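Structure first, commentary second.
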Amino acid sequence: MTPHAVMPLLLALLLSVSGAHASDLDDCNREPATPAAGAQPGPAAAYWLNGHALQWPGLQLQAGERVRLFHAASAGLQVGGRAITGADGVLDLAPADVPLPQRLRFIGAGPRFVLPPGADVKGLLKSQLLLVHETAAGEVKATTGVQMPAALDDLYAAAEQVTDLGAHPSPSGTRFAVWAPTAQRVMLCRHARTGGPATAVEPMAFDAATGVWRARVAGDLTGQAYRFLVDVVTPTQGRVRNLVTDPYSVALTADSRLSVVADLASPRLKPAGWDRLPAPARVKTATDQVIYELHVRDFSISDETVRPAWRGKYLAFTERRSNGMRHLQALARAGVTDVHLLPVFDLASVPERGCKTPVVPAAAPDSEAQQAAVMAVAAEDCFNWGYDPWHFNTPEGSYATDADDALRRIREFRQMVMALHRAGLRVGMDMVYNHMAAAGQHPKSVLDRLVPGYYHRLDAQGRIERSTCCDNTATEHRMMAKLMIDSAALWVREYRIDSMRFDLMGHQPREAMERLQRRVNAEAGRAVQLLGEGWNFGEVANGARFVQASQLSLNGSGIGAFSDRARDAARGGGAGEGGDASVRNQGWLNGLVYAPNALGSGRPDEDLLQAADLIRVGLAGSLRSVELTTWRGETRRLDAIAYGDQPAGFASEPGEVVNYVENHDNQTLFDINTLKLPRETSREDRARVQMLGAALVAFSQGVAYFHAGQDILRSKSLDRNSYDSGDWFNRLDWTYRSNHFGTGLPPRQDNFGVEGRDWALARERLADASIAPGPAEIAWSRDVFRDLLRIRASTPLLRLPSAAQIRERLSFPGSGPGQNPTLVALRLDGRGLPGPKAVMALINVAPSAQALELPTEAGARWVLHPVQRQGVDARVRREARFVAGRFEVPARTAAVFVLD
């Protein structure tokens with residue numbers, strides 16, 4: 001017998017001894033297939049309330065009728081006529097008056113039942129389950145599936161304390177652990193080479209106390225690949241055998257095909273000096289943060305001073321003399337503290353091998369040719385914002401110089417962090433835990449193919465909620481919250497992440513976010529600042545399922561939420577607005593009432609007065625307890641002033657508020673102003689209006705947040721949702737020659753819809769050669785922005801750490817009835833603090849000079865802030881003045897005075 005003939009026999013013998021079979025190894029090499037389109041779960045309208053009780057909302061039971069629970073490990077249950085077939089067994093349920101858990105307060109009314117004593121509920125949860133409503137004669141009246149998360153959380157609560165999930169190599173052996181309590185069998189598929197087939201399959205042992213499956217393999221398997229082979233019952237496909245990557249993967253092969261064993265503490269994965277490099281120590285309190293939001297690929301893909309192989313990659317940040325890094329270094333010197341990176345953990349939308357780069361033709365500023373070229377390859381190109389997480393704990397491979405080297409992305413990510421720290425910048429991450437790229441049996445689904453029906457939030461029929469755009473996760477469930485918290489802790493511990501921004505944070509419980517805060521602080525040995533989108537919408541809105549991490553529910557937590565109060569007042573309208581509305585709904589910055597455009601005339605003066613008061617709300621940090629005399633003459637706390645159907649003041653402390661007028665979502669400030677400012681507005685004045693928006697953020701109490709390129713008049717050629725618009729519509733020019741306005745009509749998707757007025761508006765603006773700024777306007781904006789940063793950095797009164805100090809020191813001269821709403825002023829009393837005795841900041845949005853008469857200040861000696869006395873803006877240097885109680889501010893100018 002030849003050696004080649006002996007090998008299969010030896011392998012078969014080894015597999016039989018281990019409890020695995022040759023067919024299992026074959027299954028380790030079968031790639032997941034996409035299920036048939038339209039596969040939907042059967043209705044699951046009933047709920048486990050805990051580990052022994054259930055509720056069937058909406059069920060009406062008549063005398064003599066009963067409810068029974070049928071189960072089948074093979075998932076062969078069939079409803080045939082008046083009977084159920086294919087069951088392994090059936091349990092009679094007893095009606096019971098059990099309390100409804102608070103976490104399930106959202107479910108509809110209906111009868112509750114308990115299982116018979118001694119029922120093996122853990123075993124039942126591994127099977128197909130069907131609740132059946134029967135007549136007294138045993139005929140089937142109705143059936144439904146049962147949603148299981150509450151039972152799993154009750155029965156496997158101990159899993160929250162498990163610390164060994166994932167793969168853990170050591171010289172003596174490598175341990176593997178995965179939580180899959182409903183799986184009937186789990187095996188470990190091992191690949192000796194990351195590019196080769198599976199060469200071994202190991203049975204995993206089930207821990208009935210925690211629901212964790214474990215295996216231990218001799219030797220240090222660092223660099224080897226693995227997946228889990230899971231036999232489990234699914235809502236759509238019955239019992240299946242899933243081949244799944246590890247949700248706790250810390251390394252992956254290209255395109256996330258295989259998980260890879262790695263020890264993040266290994267010296268092999270650490271750049272030289274990694275363990276010795278301290279983080280920049282520039283943030284004593286949350287309000288010291290000045291954040292610059294940046295996309296890794298945008299940063300360098302167009303920067304010709306970066307070597308070609310590093311453009312769009314983590315390593316571009318290590319090019320210390322590149323144009324992009326010079327720009328960031330200058331911002332750090334001026335006062336930016338944090339760079340916040342759009343999603344950088346493993347995402348599903350960008351091919352890590354062979355992504356395509358569109359060839360965009362030279363075409364007219366309002367042409368459709370550019371978008372046609374970009375969208376032709378959008379699904380396969382190298383760009384996406386990345387809000388489609390696949391694996392939370394692994395750096396994205398498309399930003400590494402070699403995605404095939406599973407460990408390189410770890411080293412290069414750390415090199416990026418080191419480079420930013422050396423530039424004096426802390427590193428923040430955009431954390432996207434509210435949804436996944438896929439669920440169900442989709443090949444890019446991980447969580448739902450391990451524990452079907454658990455990790456995602458379900459509606460009343462058992463379908464996955466998608467209010468966030470995609471398949472929502474359920475961080476109110478123990479192990480989804482644990483995954484989120486463990487993941488955040490890993491990024492702080494292993495990658496030195498300094499701060500975090502949470503996408504759609506209002507879809508997460510406040511309690512889970514507070515636990516996360518405590519955990520990351522403990523990992524870092526310092527405060528890790530958290531902030532996020534506290535929007536209140538969807539199936540969790542208004543606390544329907546839990547106390548949310550949303551604007552109105554976070555006060556007192558210390559976690560920051562973005563404020564839309566001043567943002568909407570400044571820009572006009574609301575988020576996502578398009579078409580005629582974008583032009584008609586002018587804001588305080590761009591001409592509301594005082595400089596109407598062709599479609600914006602006819603707005604009442606009250607609209608401008610209301611907007612000016614909301615600007616003051618933003619300057620006061622949207623704090624509940626601050627008082628303001630409104631344009632109506634009423635002195636009110638900010639939480640008693642209306643912002644639509646919400647209170648304008650929502651935060652308890654200034655560290656709980658993030659102020660901004662532009663970020664990656666929606667049109668850039670330059671683009672929204674292009675639509676709203678009068679068409680005849682000069683390039684110079686467009687730049688000035690842009691800087692008034694920056695001044696509003698710089699002068700506001702709370703956390704200051706800016707979008708990359710806001711300082712250089714960034715345009716996306718009117719694209720209001722550029723998440724999949726390629727490099728072309730997301731470019732940054734660190735040479736300051738162009739802002740890329742008028743480089744083609746943006747992609748039709750998510751923009752101007754169909755042909756008609758919306759489309760004509762875009763064409764009209766993009767074709768107007770007088771709108772796009774030249775190098776002079778871009779350079780001016782860049783330098784004025786840095787002056788604004790220097791003012792904030794050198795003036796602690798503009799970033800007070802507590803609401804008590806703000807209440808004591810902040811006032812709004814010129815507010816109240818009879819105000820001039822185009823000139824908003826704030827005064828900060830500095831008595832008892834180092835620095836000036838007081839600060840007066842004034843923002844004049846009018847296209848003409850404005851003055852504020854304050855007789856009480858007549859004897860004071862107010863002088864222009866030192867930064868502006870030596871600053872770039874000649875208009876403020878020459879024309880802003882204080883004379884005998886009168887502050888004079890030139891057209892479209894922000895001026896800051898200090899009291900000697």
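As shown in the structure tokens, the chain order sets the letters A, B, ...; within each chain, residues go from 1, and ligands are also counted from 1 in the order they appear.
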Check your understanding: Got a sec: who's within 8 Å of Ser172 of chain A, counting only C-alpha atoms, leaving out chain neighbours fewer than 5 positions off, as an MDAnalysis selection string?
Key -> chainID A and resid 218:220
Exercise for review: May I have the residues within 6 Å of segment 828-841 of chain A as a list in words, using only C-alpha atoms and disregarding those fewer than 3 positions away in the same chain?
Suggested key: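 Those residues are Arg809, Leu810, Ala825, Ala895, Val896, Phe897, Val898, Leu899 and Asp900 of chain A.
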Check your understanding: If you count only C-alpha atoms, which residues fall within 12 Å of Glu465 of chain A, apart from same-chain ones fewer than 3 positions away, as a list in words?
Key ->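 Surrounding residues, per the criterion: Asn434, His435, Met436, Ala439, Gly453, Tyr455, His456, Arg457, Leu458, Asp459, Ala460, Gln461, Gly462, Thr468, Cys469, Cys470, Asp471, Asn472, Thr473, Ala474, His507, Gly538, Glu539 and Val540 of chain A.
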Produce a file of the selected residues containing N, CA and C atoms, as a short mmCIF file (atom, residue, chain, number, x, y, z; two decimals), in the first residue's frame.
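Now in out_13.cif:
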```cif
data_model
loop_
_atom_site.label_atom_id
_atom_site.label_comp_id
_atom_site.auth_asym_id
_atom_site.auth_seq_id
_atom_site.Cartn_x
_atom_site.Cartn_y
_atom_site.Cartn_z
N ASN A 434 -25.03 48.66 16.58
CA ASN A 434 -26.49 48.65 16.55
C ASN A 434 -27.07 47.78 15.46
N HIS A 435 -26.26 47.38 14.49
CA HIS A 435 -26.74 46.48 13.44
C HIS A 435 -25.57 45.71 12.85
N MET A 436 -25.89 44.70 12.06
CA MET A 436 -24.89 43.90 11.39
C MET A 436 -25.08 44.02 9.88
N ALA A 439 -27.84 38.94 8.43
CA ALA A 439 -28.37 38.06 9.46
C ALA A 439 -28.91 36.81 8.78
N GLY A 453 -31.95 33.69 16.04
CA GLY A 453 -33.04 34.31 16.78
C GLY A 453 -32.65 34.97 18.07
N TYR A 455 -29.36 37.20 18.72
CA TYR A 455 -28.56 38.42 18.72
C TYR A 455 -29.27 39.62 18.08
N HIS A 456 -30.32 39.38 17.33
CA HIS A 456 -31.00 40.46 16.62
C HIS A 456 -32.35 40.78 17.28
N ARG A 457 -32.75 42.04 17.19
CA ARG A 457 -34.02 42.47 17.76
C ARG A 457 -35.14 42.09 16.80
N LEU A 458 -36.20 41.49 17.34
CA LEU A 458 -37.28 40.95 16.52
C LEU A 458 -38.57 41.74 16.74
N ASP A 459 -39.41 41.72 15.71
CA ASP A 459 -40.72 42.36 15.85
C ASP A 459 -41.71 41.36 16.43
N ALA A 460 -42.99 41.73 16.45
CA ALA A 460 -44.00 40.91 17.10
C ALA A 460 -44.25 39.59 16.39
N GLN A 461 -43.76 39.44 15.15
CA GLN A 461 -43.91 38.19 14.42
C GLN A 461 -42.60 37.41 14.31
N GLY A 462 -41.55 37.92 14.95
CA GLY A 462 -40.27 37.22 14.92
C GLY A 462 -39.38 37.60 13.76
N THR A 468 -32.58 50.74 11.73
CA THR A 468 -31.29 51.44 11.63
C THR A 468 -30.72 51.41 10.22
N CYS A 469 -31.44 50.79 9.31
CA CYS A 469 -31.05 50.60 7.90
C CYS A 469 -30.82 49.14 7.60
N CYS A 470 -30.35 48.40 8.60
CA CYS A 470 -29.85 47.04 8.38
C CYS A 470 -30.41 46.14 9.47
N ASP A 471 -29.82 44.98 9.65
CA ASP A 471 -30.34 44.02 10.62
C ASP A 471 -29.95 44.43 12.04
N ASN A 472 -30.91 44.98 12.77
CA ASN A 472 -30.65 45.52 14.10
C ASN A 472 -30.17 44.43 15.06
N THR A 473 -29.21 44.78 15.87
CA THR A 473 -28.82 43.91 16.97
C THR A 473 -29.63 44.25 18.21
N ALA A 474 -29.59 43.37 19.20
CA ALA A 474 -30.36 43.55 20.43
C ALA A 474 -29.40 43.62 21.60
N HIS A 507 -30.25 53.23 20.07
CA HIS A 507 -30.78 51.87 19.94
C HIS A 507 -30.14 50.92 20.95
N GLY A 538 -37.55 54.44 15.78
CA GLY A 538 -37.63 53.00 15.57
C GLY A 538 -38.40 52.29 16.65
N GLU A 539 -38.21 50.98 16.72
CA GLU A 539 -38.97 50.14 17.63
C GLU A 539 -38.61 50.36 19.09
N VAL A 540 -37.50 51.06 19.35
CA VAL A 540 -37.10 51.32 20.74
C VAL A 540 -37.47 52.74 21.18
#
```
Practice item. Tell me, as a VMD selection string, which residues lie within 10 Å of segment 317-332 of chain A, counting only C-alpha atoms; anything in the same chain fewer than 4 positions away does not count. Key: chain A and resid 290 292 296 299 to 300 302 to 307 310 to 313 336 to 339 412 to 413 415 to 420 422 to 426 708 711 732 to 736 782 to 783 785 to 786 789 to 790
Written file, previous selection with N, CA and C atoms, as a short mmCIF file (atom, residue, chain, number, x, y, z; two decimals), in the first residue's frame:
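Generated output (result_14.cif):
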```
data_model
loop_
_atom_site.label_atom_id
_atom_site.label_comp_id
_atom_site.auth_asym_id
_atom_site.auth_seq_id
_atom_site.Cartn_x
_atom_site.Cartn_y
_atom_site.Cartn_z
N VAL A 290 -11.59 68.33 21.13
CA VAL A 290 -11.89 68.94 19.84
C VAL A 290 -11.63 67.85 18.81
N TYR A 292 -11.86 65.72 15.17
CA TYR A 292 -11.81 65.83 13.70
C TYR A 292 -12.18 64.45 13.15
N VAL A 296 -10.42 56.70 6.84
CA VAL A 296 -9.05 56.26 6.57
C VAL A 296 -8.71 56.40 5.08
N PHE A 299 -8.49 60.02 3.70
CA PHE A 299 -7.34 60.78 4.18
C PHE A 299 -6.20 60.81 3.17
N SER A 300 -5.94 59.72 2.48
CA SER A 300 -4.71 59.67 1.69
C SER A 300 -4.86 59.17 0.26
N SER A 302 -5.99 60.36 -2.37
CA SER A 302 -5.67 61.34 -3.40
C SER A 302 -4.39 62.12 -3.10
N ASP A 303 -3.66 61.71 -2.08
CA ASP A 303 -2.48 62.46 -1.64
C ASP A 303 -1.24 61.91 -2.35
N GLU A 304 -0.76 62.64 -3.32
CA GLU A 304 0.37 62.17 -4.11
C GLU A 304 1.69 62.24 -3.36
N THR A 305 1.68 62.83 -2.17
CA THR A 305 2.91 62.84 -1.36
C THR A 305 3.02 61.59 -0.49
N VAL A 306 2.05 60.71 -0.58
CA VAL A 306 2.10 59.40 0.08
C VAL A 306 2.52 58.38 -0.96
N ARG A 307 3.43 57.49 -0.61
CA ARG A 307 3.85 56.46 -1.57
C ARG A 307 2.63 55.68 -2.05
N TRP A 310 0.78 52.90 -0.12
CA TRP A 310 0.21 53.23 1.18
C TRP A 310 -1.01 54.13 1.09
N ARG A 311 -1.37 54.58 -0.09
CA ARG A 311 -2.52 55.47 -0.22
C ARG A 311 -3.81 54.74 0.12
N GLY A 312 -4.61 55.36 0.95
CA GLY A 312 -5.85 54.74 1.38
C GLY A 312 -5.67 53.70 2.46
N LYS A 313 -4.47 53.61 3.04
CA LYS A 313 -4.13 52.55 3.98
C LYS A 313 -3.78 53.13 5.36
N VAL A 336 -6.87 70.79 17.85
CA VAL A 336 -7.58 69.51 17.71
C VAL A 336 -6.94 68.50 18.64
N THR A 337 -7.75 67.76 19.38
CA THR A 337 -7.23 66.78 20.33
C THR A 337 -7.38 65.35 19.84
N ASP A 338 -8.45 65.07 19.07
CA ASP A 338 -8.78 63.70 18.69
C ASP A 338 -9.07 63.61 17.20
N VAL A 339 -8.54 62.58 16.57
CA VAL A 339 -9.01 62.18 15.25
C VAL A 339 -9.94 61.00 15.45
N GLU A 412 -0.12 47.11 11.30
CA GLU A 412 -0.25 48.39 10.61
C GLU A 412 -1.27 49.30 11.28
N PHE A 413 -2.33 48.73 11.83
CA PHE A 413 -3.27 49.54 12.61
C PHE A 413 -2.54 50.19 13.79
N GLN A 415 0.61 50.82 14.01
CA GLN A 415 1.52 51.85 13.49
C GLN A 415 0.77 53.16 13.24
N MET A 416 -0.46 53.05 12.72
CA MET A 416 -1.27 54.25 12.52
C MET A 416 -1.53 54.96 13.85
N VAL A 417 -1.92 54.21 14.86
CA VAL A 417 -2.18 54.81 16.17
C VAL A 417 -0.93 55.49 16.70
N MET A 418 0.21 54.83 16.57
CA MET A 418 1.46 55.43 17.04
C MET A 418 1.76 56.73 16.31
N ALA A 419 1.53 56.74 15.00
CA ALA A 419 1.82 57.95 14.22
C ALA A 419 0.93 59.10 14.64
N LEU A 420 -0.34 58.83 14.89
CA LEU A 420 -1.24 59.90 15.31
C LEU A 420 -0.89 60.36 16.72
N ARG A 422 2.06 60.33 18.04
CA ARG A 422 3.29 61.14 17.93
C ARG A 422 3.00 62.52 17.37
N ALA A 423 1.91 62.64 16.60
CA ALA A 423 1.53 63.95 16.07
C ALA A 423 0.75 64.76 17.11
N GLY A 424 0.59 64.20 18.30
CA GLY A 424 -0.13 64.91 19.36
C GLY A 424 -1.62 64.71 19.32
N LEU A 425 -2.08 63.69 18.59
CA LEU A 425 -3.51 63.46 18.42
C LEU A 425 -3.93 62.14 19.05
N ARG A 426 -4.97 62.21 19.85
CA ARG A 426 -5.59 60.99 20.35
C ARG A 426 -6.38 60.33 19.21
N ALA A 708 -13.79 66.15 8.77
CA ALA A 708 -12.57 66.38 7.99
C ALA A 708 -12.90 67.13 6.71
N ASP A 711 -12.76 72.51 7.35
CA ASP A 711 -11.86 73.66 7.42
C ASP A 711 -11.36 74.11 6.06
N LEU A 732 -10.54 64.42 -0.63
CA LEU A 732 -9.97 65.54 0.12
C LEU A 732 -8.72 66.00 -0.61
N ASP A 733 -8.53 67.29 -0.68
CA ASP A 733 -7.37 67.85 -1.38
C ASP A 733 -6.50 68.61 -0.39
N TRP A 734 -5.42 67.94 0.07
CA TRP A 734 -4.52 68.58 1.03
C TRP A 734 -3.56 69.55 0.37
N THR A 735 -3.66 69.75 -0.96
CA THR A 735 -2.87 70.80 -1.61
C THR A 735 -3.63 72.12 -1.60
N TYR A 736 -4.90 72.08 -1.23
CA TYR A 736 -5.75 73.27 -1.08
C TYR A 736 -6.02 73.97 -2.41
N ARG A 782 -8.89 77.66 5.80
CA ARG A 782 -7.98 76.79 6.56
C ARG A 782 -7.35 77.54 7.72
N ASP A 783 -6.87 78.74 7.45
CA ASP A 783 -6.13 79.48 8.46
C ASP A 783 -7.05 80.13 9.49
N PHE A 785 -9.92 78.85 10.41
CA PHE A 785 -10.33 77.71 11.22
C PHE A 785 -9.29 77.45 12.32
N ARG A 786 -8.03 77.47 11.98
CA ARG A 786 -6.99 77.23 12.98
C ARG A 786 -6.97 78.34 14.02
N LEU A 789 -9.64 77.46 16.45
CA LEU A 789 -9.16 76.41 17.35
C LEU A 789 -8.24 76.98 18.42
N ARG A 790 -7.37 77.89 18.02
CA ARG A 790 -6.45 78.49 19.00
C ARG A 790 -7.21 79.30 20.05
#
```
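If you look at atom CA of Leu124 of chain A and atom CA of Cys28 of chain A, they are 27.0 Å away from each other.
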Practice item. Show which residues sit within 6 Å of segment 620-629 of chain A, as a PyMOL selection string. Count only C-alpha atoms, and ignore same-chain residues fewer than 6 positions away. Key: chain A and resi 635-639+649-652+654+701-702+807+816
Exercise for review: Quick one: everything within 7 Å of Ala762 of chain A, counting only C-alpha atoms, minus sequence neighbours fewer than 4 positions away in the same chain. Send it as a list in words.
Suggested key: Leu745, Asp758 and Leu766 of chain A
**Study point:** Leu788 of chain A environment, 8 Å, only C-alpha atoms, sequence neighbours closer than 4 positions dropped, as a list in words
**Key:**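 Surrounding residues, per the criterion: Ala694, Ala695, Ala698, Val784 and Arg792 of chain A.
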Would you put the residues from that selection into a file with C-alpha atoms, as an mmCIF file, in the first residue's frame?
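Final output, saved to selection38.cif:
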```cif
data_model
loop_
_atom_site.group_PDB
_atom_site.id
_atom_site.type_symbol
_atom_site.label_atom_id
_atom_site.label_comp_id
_atom_site.auth_asym_id
_atom_site.auth_seq_id
_atom_site.Cartn_x
_atom_site.Cartn_y
_atom_site.Cartn_z
ATOM 1 C CA ALA A 694 -17.020 76.628 12.676
ATOM 2 C CA ALA A 695 -17.071 79.538 15.136
ATOM 3 C CA ALA A 698 -15.731 76.509 18.699
ATOM 4 C CA VAL A 784 -9.182 81.136 10.029
ATOM 5 C CA ARG A 792 -10.885 77.718 22.072
#
```
Check your understanding: Can you list every residue in segment 493-588 of chain A that DSSP puts in helix (DSSP H, G or I), as a ChimeraX atom specification?
Key -> /A:493-495,505-507,510-524,538-543,551-553,565-571,580-584
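Of the residues under consideration (A:Ala481, A:Leu614, A:Glu808, A:Asp498), A:Ala481 shows the shortest atom-to-atom contact distance to Arg515 of chain A when counting only C-alpha atoms.
Put simply, atom CA of Leu592 of chain A is 26.9 Å away from atom CA of Asp787 of chain A.
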Check your understanding: Pick the closest to Pro365 of chain A from A:Met691, A:Ala569, A:Ala769, A:Ala880: which is it, counting only C-alpha atoms?
Key ->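 Once distances to Pro365 of chain A are computed over only C-alpha atoms, the minimum belongs to A:Ala769.
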